[in-house]
Structures are given as C-alpha cells and as structure tokens.
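Q: Below is one structure. I have some questions about it.
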Amino acid sequence: MAAVQNESHEAEVSVWIFGYGSLCWYPGFEYEKCITGYIRGYVRRFWQGNTTHRGTLEKPGRVATLIEDNNGITWGCAFKVTGQLALDYLKQRECTLGGYQTDYIKFFPRKASEWSGISGQAFPALVYIATPKNDLWIGEEPLVETARQIAECEGPSGHNVEYLIRLAIFMREELPGAPDEHLFELEGLVRRFVAEANVAVKSLLGNTPRRIRRDSHEEVRRHVSFEFTARVPEKKLRCLHI
C-alpha cells in the first residue's frame, strides 16, 4: 500500500518546461499554466537538423537549439505540467526523434501575475537542448544556406517554413520588441526565397494552432521592458536524465 502511495505521489510532481522553438506555438501536451520570459547565457540558433518532423533523411530540415553565449538572452515561454504524461511525450518528440538532451536552467518570468502564482523571481525550468554530440547536428552554416533549406524542406509534421514563421509570429505578438536578430533575419530570407518560388507563405503554414493562454491573458500585450534583463550569464543548474 505504501509503495502505491509513493508512486502516486511521484506521479503528481510538477515541473516547468521552457520552450523556445515549436513548443512556443504547438506544445502538444496538456499543461496547467504558461508564462512568457527568458533565460540567460544562451542564444537561439537554427543549427539542429531534423528528419522526423520538418524534414527527411534525404533533405533534413533546420530547427532551433540553444548555443551558450555569456551575453545571450533567449525569450520564450514556460509551461507548468504535473505528472509524467507530458514528460514522456516530450522525451519521444524531442529526445528520441529530435536528438535533444535535457537540462535545467533558470527561467526569468516576463512579469509577476496573480494568475501564474509566481512572484517574478527566477526559477528552474526543464529545457531541451541539441548539442554537437547528436547525429542530426548541422552546426553553424551561412545563414542564407539555412534559409534555403528551410524554404525547401518538409516533413511528417509539416513544412519547415511553418516552424520558423510561427515562431517569429509568437515573438512579435507575445513579446513585441524582444530582440532576436538571428530569427528575424532568417525569417526575412526565407520569405524572400518562398516569394521567388511563387509560393504563398500562408499555403505552407498548415492548420492554425490552438491559441495558447499565457501570463494574465490581457487582450492588449504590453511592450517588453528590458530594464530587468541585465546581460549577466546564468549557469545551468543540473541535468535531468529522462
């Protein structure tokens, strides 16, 4: 009986998961809360290949990962989940199929809110990161080459263009003013290549994803304030092996 109670208790453990790529607009799992914010010491780069979601073995797509940078800040959102179901789903989606590994890092909420139940202080969040050790690693390449691949690649989950464009839309709508030169320059190149191919970007975006309720869900988003995002590196906390 005690063993059953312990298993039940463990199943109810809650964790925050930081999303900075497709999780921002298509988490794919049930969650209790979602808040926007950032992590320090990393920048977002499309240096990871993908053959199971946004590309194929013959033509790997390009998806986001995090690269260590002492002065870096990466904006995204954090999801609070309870139990093992979401973690099992993400282990398959991000680790088994995507080549990512897990770690914990400090997440800084964009703002405190009564709804989220947080005070605005940083807290640890689980993050999925691709490194050069995985077989799908692309690494740094000319940005124009990355853009060309994204404009041409498609996989079982949809077109690679959708992955990029919907992430850029998330940044503009949810975090207006937040900088990400790599993302937005890449978006501009991809839009150019798609236009040159006489293809409508809208035709590559698939079905409109379900709207994600975040923060305190105000109808009018406030402009991001950077007064609290001092560019000070934050070290990783510890690795979670799942």
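Naming scheme: A, B, ... for chains in displayed order of the structure tokens; residues 1 onward per chain; ligands 1 onward as shown.
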Could you name the residues that touch Phe107 (chain A) at 9 Å or less, counting only C-alpha atoms, but leaving out those on the same chain fewer than 6 positions away, as a ChimeraX atom specification?
A: /A:18,37-40,77-78,121-125
Q: Which of region 88-204 of chain A counts as strand (DSSP E) under DSSP, as a short mmCIF file (atom, residue, chain, number, x, y, z; two decimals) with N, CA, C and O atoms, in the first residue's frame please?
A:
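This is the output file part-v8.cif:
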```cif
data_model
loop_
_atom_site.label_atom_id
_atom_site.label_comp_id
_atom_site.auth_asym_id
_atom_site.auth_seq_id
_atom_site.Cartn_x
_atom_site.Cartn_y
_atom_site.Cartn_z
N GLN A 101 18.82 16.70 -25.72
CA GLN A 101 19.04 16.19 -24.37
C GLN A 101 18.45 17.19 -23.38
O GLN A 101 18.12 18.32 -23.75
N THR A 102 18.28 16.77 -22.14
CA THR A 102 17.61 17.62 -21.16
C THR A 102 18.58 18.25 -20.17
O THR A 102 19.66 17.72 -19.91
N ASP A 103 18.17 19.38 -19.64
CA ASP A 103 18.93 20.06 -18.61
C ASP A 103 17.97 20.95 -17.85
O ASP A 103 16.82 21.14 -18.26
N TYR A 104 18.43 21.51 -16.75
CA TYR A 104 17.68 22.51 -16.02
C TYR A 104 18.42 23.84 -16.10
O TYR A 104 19.65 23.88 -16.06
N ILE A 105 17.66 24.92 -16.23
CA ILE A 105 18.26 26.25 -16.30
C ILE A 105 17.30 27.23 -15.65
O ILE A 105 16.10 26.98 -15.54
N LYS A 106 17.81 28.37 -15.19
CA LYS A 106 16.96 29.38 -14.57
C LYS A 106 16.11 30.08 -15.63
O LYS A 106 16.61 30.54 -16.64
N PHE A 107 14.82 30.19 -15.32
CA PHE A 107 13.87 30.90 -16.18
C PHE A 107 13.42 32.16 -15.48
O PHE A 107 13.06 32.12 -14.30
N PHE A 108 13.43 33.27 -16.20
CA PHE A 108 13.04 34.56 -15.64
C PHE A 108 11.69 34.98 -16.23
O PHE A 108 11.61 35.29 -17.43
N PRO A 109 10.62 34.99 -15.44
CA PRO A 109 9.31 35.40 -15.96
C PRO A 109 9.33 36.85 -16.44
O PRO A 109 10.01 37.69 -15.85
N PHE A 123 13.20 30.88 -11.56
CA PHE A 123 13.04 29.54 -11.01
C PHE A 123 13.54 28.53 -12.04
O PHE A 123 13.62 28.83 -13.23
N PRO A 124 13.90 27.32 -11.61
CA PRO A 124 14.43 26.32 -12.55
C PRO A 124 13.37 25.78 -13.49
O PRO A 124 12.23 25.54 -13.09
N ALA A 125 13.75 25.60 -14.75
CA ALA A 125 12.85 25.03 -15.75
C ALA A 125 13.61 23.99 -16.56
O ALA A 125 14.81 24.14 -16.82
N LEU A 126 12.91 22.96 -16.95
CA LEU A 126 13.48 21.91 -17.79
C LEU A 126 13.59 22.44 -19.21
O LEU A 126 12.68 23.08 -19.72
N VAL A 127 14.71 22.18 -19.86
CA VAL A 127 14.91 22.65 -21.23
C VAL A 127 15.50 21.53 -22.07
O VAL A 127 16.25 20.67 -21.56
N TYR A 128 15.15 21.53 -23.35
CA TYR A 128 15.67 20.54 -24.30
C TYR A 128 16.67 21.23 -25.21
O TYR A 128 16.34 22.24 -25.86
N ILE A 129 17.90 20.69 -25.24
CA ILE A 129 18.99 21.32 -25.99
C ILE A 129 19.66 20.29 -26.90
O ILE A 129 19.96 19.17 -26.46
N GLU A 154 10.39 19.80 -45.97
CA GLU A 154 9.09 19.44 -45.44
C GLU A 154 9.18 18.04 -44.84
O GLU A 154 9.94 17.20 -45.32
N GLY A 155 8.42 17.81 -43.78
CA GLY A 155 8.44 16.50 -43.12
C GLY A 155 7.06 16.08 -42.68
O GLY A 155 6.06 16.73 -42.99
N GLY A 158 4.86 18.70 -41.13
CA GLY A 158 4.55 19.90 -41.91
C GLY A 158 5.79 20.52 -42.51
O GLY A 158 6.90 19.99 -42.42
N HIS A 159 5.60 21.69 -43.13
CA HIS A 159 6.70 22.37 -43.81
C HIS A 159 7.63 23.04 -42.80
O HIS A 159 7.19 23.55 -41.76
#
```
Q: Could you pull out the residues in region 104-179 of chain A that DSSP calls helix (DSSP H, G or I) from the backbone, as a list of chain:residue names?
A: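 After running DSSP on the backbone, region 104-179 of chain A has helix (DSSP H, G or I) at A:Leu143, A:Val144, A:Glu145, A:Thr146, A:Ala147, A:Arg148, A:Gln149, A:Ile150, A:Ala151, A:Glu152, A:Asn160, A:Val161, A:Glu162, A:Tyr163, A:Leu164, A:Ile165, A:Arg166, A:Leu167, A:Ala168, A:Ile169, A:Phe170, A:Met171, A:Arg172, A:Glu173, A:Glu174.
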Q: Between A:Val161, A:Val63, A:Val144, A:Leu204, which is the closest to Leu23 (chain A) once you count only C-alpha atoms?
A: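 Closest residue, counting only C-alpha atoms: A:Val63.
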Q: Which polymer residues have any atom within 10 Å of an atom of Glu30 (chain A), counting only C-alpha atoms, with same-chain residues fewer than 4 positions away left out, as a CSV table (one decimal) with all heavy atoms, in the first residue's frame?
A:
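Once written, out02.csv looks like this:
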```
chain,number,residue,atom,x,y,z
A,79,PHE,N,6.0,26.3,-19.5
A,79,PHE,CA,4.7,25.6,-19.2
A,79,PHE,C,4.9,24.8,-17.9
A,79,PHE,O,5.9,24.1,-17.7
A,79,PHE,CB,4.4,24.5,-20.4
A,79,PHE,CG,4.3,25.1,-21.7
A,79,PHE,CD1,5.4,25.3,-22.6
A,79,PHE,CD2,3.0,25.5,-22.2
A,79,PHE,CE1,5.2,25.8,-23.8
A,79,PHE,CE2,2.9,26.0,-23.5
A,79,PHE,CZ,4.0,26.2,-24.3
A,80,LYS,N,3.9,24.9,-17.1
A,80,LYS,CA,3.8,24.1,-15.9
A,80,LYS,C,3.0,22.8,-16.1
A,80,LYS,O,1.9,22.9,-16.5
A,80,LYS,CB,3.2,24.9,-14.7
A,80,LYS,CG,3.2,24.1,-13.4
A,80,LYS,CD,2.6,24.9,-12.3
A,80,LYS,CE,2.6,24.1,-11.0
A,80,LYS,NZ,2.0,24.9,-9.9
A,81,VAL,N,3.6,21.7,-15.9
A,81,VAL,CA,2.9,20.4,-16.1
A,81,VAL,C,3.1,19.6,-14.8
A,81,VAL,O,4.0,19.7,-14.0
A,81,VAL,CB,3.5,19.6,-17.3
A,81,VAL,CG1,3.4,20.4,-18.5
A,81,VAL,CG2,5.0,19.2,-17.0
A,82,THR,N,2.1,18.7,-14.6
A,82,THR,CA,2.1,17.8,-13.4
A,82,THR,C,2.0,16.4,-13.9
A,82,THR,O,1.2,16.1,-14.7
A,82,THR,CB,1.0,18.2,-12.4
A,82,THR,OG1,1.2,19.5,-12.0
A,82,THR,CG2,1.0,17.2,-11.2
A,85,LEU,N,3.0,12.3,-17.9
A,85,LEU,CA,2.5,12.1,-19.3
A,85,LEU,C,3.2,13.1,-20.2
A,85,LEU,O,3.6,12.7,-21.3
A,85,LEU,CB,1.0,12.4,-19.3
A,85,LEU,CG,0.2,12.0,-20.6
A,85,LEU,CD1,0.4,10.5,-20.9
A,85,LEU,CD2,-1.2,12.4,-20.5
A,86,ALA,N,3.2,14.4,-19.9
A,86,ALA,CA,3.9,15.4,-20.8
A,86,ALA,C,5.4,15.1,-20.9
A,86,ALA,O,5.9,15.2,-22.0
A,86,ALA,CB,3.7,16.8,-20.2
```
Q: Near Arg210 (chain A), counting only C-alpha atoms, which residues have an atom at most 12 Å away, once you skip same-chain residues fewer than 3 positions from it, shown as a PyMOL selection string?
A: chain A and resi 24-29+207+213
Q: Since we have the selection now, will you write its residues out, keeping N, CA, C and O atoms, as a tab-separated table (two decimals), in the first residue's frame?
A:
```
chain	number	residue	atom	x	y	z
A	24	CYS	N	6.65	26.86	-28.37
A	24	CYS	CA	6.04	28.18	-28.15
A	24	CYS	C	4.67	28.29	-28.80
A	24	CYS	O	3.81	29.03	-28.31
A	25	TRP	N	4.48	27.60	-29.91
A	25	TRP	CA	3.19	27.72	-30.60
A	25	TRP	C	2.45	26.39	-30.76
A	25	TRP	O	1.27	26.36	-31.08
A	26	TYR	N	3.13	25.28	-30.47
A	26	TYR	CA	2.47	23.97	-30.53
A	26	TYR	C	3.09	23.05	-29.49
A	26	TYR	O	3.94	22.22	-29.81
A	27	PRO	N	2.69	23.18	-28.21
A	27	PRO	CA	3.27	22.32	-27.18
A	27	PRO	C	2.93	20.85	-27.37
A	27	PRO	O	3.79	19.99	-27.17
A	28	GLY	N	1.68	20.54	-27.73
A	28	GLY	CA	1.31	19.16	-27.97
A	28	GLY	C	0.99	18.35	-26.73
A	28	GLY	O	0.77	17.15	-26.81
A	29	PHE	N	0.96	19.00	-25.57
A	29	PHE	CA	0.65	18.30	-24.32
A	29	PHE	C	-0.23	19.21	-23.46
A	29	PHE	O	-0.30	20.42	-23.67
A	207	ASN	N	-2.58	24.01	-40.55
A	207	ASN	CA	-3.74	24.45	-39.78
A	207	ASN	C	-3.33	25.42	-38.68
A	207	ASN	O	-2.25	25.29	-38.10
A	213	ARG	N	-3.12	30.33	-23.97
A	213	ARG	CA	-3.35	31.37	-22.98
A	213	ARG	C	-2.11	31.51	-22.12
A	213	ARG	O	-1.64	30.55	-21.51
```
Q: Would you compute the distance between CA of Lys91 (chain A) and CA of Thr208 (chain A)? Give it in Å to one decimal.
A: 24.7 Å
Q: Check the smallest atom-to-atom distance from each of A:Asp88, A:Gly83, A:Pro60, A:Thr65 to Arg148 (chain A) using only C-alpha atoms, then report the winner.
A: A:Pro60
Q: Using only C-alpha atoms, which of A:Ile73, A:Asn198, A:Pro132, A:Ile169 sits nearest Phe184 (chain A)?
A: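 Nearest to Phe184 (chain A): A:Ile169.
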Q: One decimal, Å: what's the distance from CA of His53 (chain A) over to CA of Asn160 (chain A), could you say?
A: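 Interatomic distance here is 8.4 Å.
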Q: Could you tell me how far CA of Ala147 (chain A) lies from CA of Ile17 (chain A), in Å and to one decimal?
A: 27.9 Å
Q: Select, from A:Gly41, A:Gly99, A:Gly61, A:Pro156, the residue with the minimum atom-to-atom distance to Lys133 (chain A), counting only C-alpha atoms.
A: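 Between A:Gly41, A:Gly99, A:Gly61, A:Pro156, the residue approaching Lys133 (chain A) most closely is A:Gly99.
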Q: Return the single residue from A:Glu94, A:Glu68, A:Glu162, A:Glu58 that is closest to Lys202 (chain A), with distances computed using only C-alpha atoms.
A: A:Glu162
Q: Looking at only C-alpha atoms, which of A:Ser203, A:Ser14, A:Ser22, A:Asn134 is the one that sits closest to Ala168 (chain A)?
A: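 The shortest atom-to-atom distance to Ala168 (chain A) comes from A:Ser22.
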